[in-house]
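Notes to accompany the following structure.
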Amino acid sequence: MSRPNPWSALLLLVAAALLGYAAYQGLQGLMAAGALLMAAVTMHRGGALRWSSLAAYSVAFVVSLTLPGSSVTLPDLLGALLVLGATGYMILREQGIVRELAWQRNTITALRAGSERLAEARDADAIIRAGIGILDKLQVAPNLAFVAYRQGTPHILAAKGAFEPFLERPIHPSDNDSRSVQADHWVAEEALALLKKPQRQSYHVAPVYGRASTHLGVLILTRNDGSAYDEVEKSVVASFARILGAQLGQWNAIRDLRDANDLTLRSLGAALERRDDDTGGHTTRVVSMSVRLARRLGWDEDQVKALRWGAYLHDLGKLAIPDSVLHKRGPLDPEERKVIQTHTTIGYDMLQDLHFLPAETLDLVRYHHERWDGTGYPSGLRGPTIPDTARLFTIIDVFDALTNARPYKPAWTRERAVNEIRMQASRQFDPQYVDAFLRMMAEHDDAHLVL
């Protein structure tokens with residue numbers, strides 16, 4: 001409700017004075033003018049005040065009839081009714097305009113805030129939660145749910161109001177019929193049946209589609225007061241469902257692309273193992289252990305992904321190493337060692353055209369043979385100047401090389417390899433990463449003892 005200002009208060013006094021004077025003098029036209037002036041001042045107010053002009057005019061008209069010598073004609077009565085009707089219509093129309101403007105402002109505010117949350121969302125679940133948050137701010141319904149399929153079964157993935165207790169709950173047909181068709185109507189019916197009848201006096205269901213008309217889920221809105229959803233509200237919800245579907249569709253496309261990238265790089269890593277037969281299973285082992293250690297250190301998923309991809313590709317450059325060097329039985333001579341050391345830079349160069357690879361992945365491929373004391377290759381980097389992914393991976397790579405047979409050596413025992421890693425802290429390896437690795441290995445050993 002707008003705050004009164006001095007001018008509106010003054011106009012209200014003038015209108016009241018006109019009504020009083022006109023009633024006393026029996027001036028019907030002036031009385032009508034006073035009523036219209038009062039309506040203009042008060043109709044945009046909240047509560048009962050907006051109806052004060054009708055009440056004041058009615059009182060003034062009745063008072064004018066009670067004064068001595070007053071008389072009323074049929075035209076006077078018709079005029080009074082017209083004034084009351086016109087004033088009432090103006091007030092109701094103003095109310096509608098005020099509600100519509102409030103709805104538009106609320107919609108714009110909610111969409112502006114929601115678009116920021118959607119842009120910041122990092123996965124499908126975050127997008128869905130942001131979407132339900134936008135609808136909640138629109139105040140289009142107190143009870144909201146987004147239902148989508150997970151492994152063939154519909155689940156409530158985001159909710160507000162009465163639907164919140166059922167969050168993450170699977171939805172099954174209540175008649176025990178094994179329906180497998182992903183049909184919005186029965187999913188909505190079963191979701192609505194979760195609420196008490198007073199909580200679903202009226203409802204609206206909006207399907208959500210992504211790219212190429214892919215069905216992504218359904219929005220369910222219910223009201224407790226039974227008021228029907230008008231066309232404007234349905235249109236806004238439908239528009240929002242399209243926005244949500246586009247955002248989810250884009251995320252799904254990105255996820256599918258990432259999955260395809262991951263599978264491609266994993267396959268390339270497997271191909272490298274076939275090129276270097278003596279390292280069978282090496283890539284799988286170093287990927288698994290590297291990811292475990294990174295998560296133990298609290299790395300975020302983007303860092304973990306870059307590390308995993310680098311682990312797949314770390315020996316890519318060996319494709320260019322002659323078999324006579326790569327498969328030589330026994331120690332390498334100095335010239336052969338120089339040749340084998342080129343695999344880091346060759347692999348790095350080979351990956352330059354894969355623009356989706358993050359810098360951390362390329363750093364691992366190039367620098368995973370650097371040493372903490374600066375005596376490694378290819379660049380002689382020292383200490384923390386060695387990229388994190390390379391510093392972590394080199395520990396895992398060396399441990400796996402020690403514990404598995406090579407053409408030039410037999411496999412070491414696990415205990416001997418762990419002791420070697422411990423001894424090389426601050427020489428070959430980052431001492432903090434070595435500490436984390438040793439704790440991880442100790443916990444692994446303890447778990448096997450318990451088993």
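Letters for chains follow the order of the structure tokens (A, B, ...), residue numbers begin at 1 for each chain, and ligand numbers begin at 1 in the order shown.
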*Hey, what does DSSP flag as helix (DSSP H, G or I) within region 227-383 of chain A? Can you give it to me as a PyMOL selection string?*
chain A and resi 231-275+277-279+282-296+301-313+316-320+323-326+334-341+343-350+359-367+383
*Those in region 151-336 of chain A with strand (DSSP E or B) from DSSP, as a ChimeraX atom specification*: /A:153-160,170,202-209,215-223
_Report, in Å to a single decimal, how far apart CA of Ala436 (chain A) and CA of Leu392 (chain A) are._
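Going from CA of Leu392 (chain A) over to CA of Ala436 (chain A) covers 10.0 Å.
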*Tell me which protein, DNA and RNA residues are within 12 Å of Ile421 (chain A), counting only C-alpha atoms, leaving out same-chain ones fewer than 3 positions away, and put them as a ChimeraX atom specification.*
/A:394-403,414-418,424-431,433-438,441
*Which of these, A:Arg211, A:Glu360, A:Gln247, A:Leu265, has the shortest distance to Ile127 (chain A) once you count only C-alpha atoms?*
A:Gln247
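Between CA of Leu11 (chain A) and CA of Ala40 (chain A) there is a distance of 9.5 Å.
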*asked:* Need to verify the contact set: Gly347 (chain A), 10 Å, only C-alpha atoms, exclusion of same-chain residues closer than 2 positions in sequence. Can you return it as a list in words?
replied: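 Answer for this query is Leu313, His314, Asp315, Leu316, Gly317, Lys318, Leu319, Ala320, Thr342, His343, Thr344, Thr345, Asp349, Met350, Leu351, Gln352, Leu362, Val365 and Arg366 of chain A.
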_Separation of CA of Ala311 (chain A) from CA of Ala294 (chain A), in Å and rounded to one decimal_ = 12.2 Å
_Taking only C-alpha atoms into account, name the residue in A:Arg329, A:Asn143, A:Asn261, A:Met31 that is nearest to Val59 (chain A)._
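Ranked by minimum distance to Val59 (chain A), first place goes to A:Met31.
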*Fewer than 2 positions away in the same chain doesn't count, so skip those; otherwise give me all residues within 6 Å of region 237-245 of chain A, counting only C-alpha atoms, as a list in words.*
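Returned residues: Val208, Tyr209, Gly210, Lys234, Ser235, Gln247, Leu248 and Gly249 of chain A.
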*Between A:Ala442, A:Ala56, A:Val147, A:Ala159, which has the minimum distance to Ile171 (chain A) (counting only C-alpha atoms)?*
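Using only C-alpha atoms, Ile171 (chain A) sits closest to A:Val147.
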_When you look at Gly217 (chain A) with a cut-off of 10 Å (counting only C-alpha atoms), what residues show up, excluding the ones that are within fewer than 2 positions of it in the same chain? I need them as a list in words._
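The neighbour list is Phe146, Val147, Ala148, Tyr149, Pro154, His155, Ile156, Leu157, Gln182, Ala183, Asp184, Val187, Ala206, Pro207, Val208, Tyr209, Gly210, Thr214, His215, Leu219, Ile220, Ala241 and Gly245 of chain A.
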Sort by chain and increasing residue number a table of all residues of region 225-297 of chain A within 8 Å of region 198-201 of chain A, each with its closest pair of atoms and their distance in Å to one decimal, counting only C-alpha atoms, and write it as a tab-separated table.
residue	atom	partner	partner_atom	distance
A:Asp225	CA	A:Gln201	CA	6.2
A:Gly226	CA	A:Gln201	CA	4.4
A:Ser227	CA	A:Gln201	CA	7.8
Using only C-alpha atoms, please write the residues we just selected to a file, as a PDB file, in the first residue's frame.
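Listed below is the output, part.pdb:
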ATOM      1  CA  ASP A 225      -7.654 -22.344  -1.352  1.00  0.00           C
ATOM      2  CA  GLY A 226      -9.200 -23.922  -4.437  1.00  0.00           C
ATOM      3  CA  SER A 227      -8.680 -20.853  -6.634  1.00  0.00           C
TER       4      SER A 227
END
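Compared by their closest atoms to Leu194 (chain A), and using only C-alpha atoms, the residues A:Ala158, A:Ala145, A:Leu257, A:Ala33 rank with A:Ala145 nearest.
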*Do a neighbour search on Val287 (chain A) at 9 Å with only C-alpha atoms, toss out local chain neighbours closer than 4 positions, and write the hits as a ChimeraX atom specification.*
/A:282-283,291-292,307-312,393,396
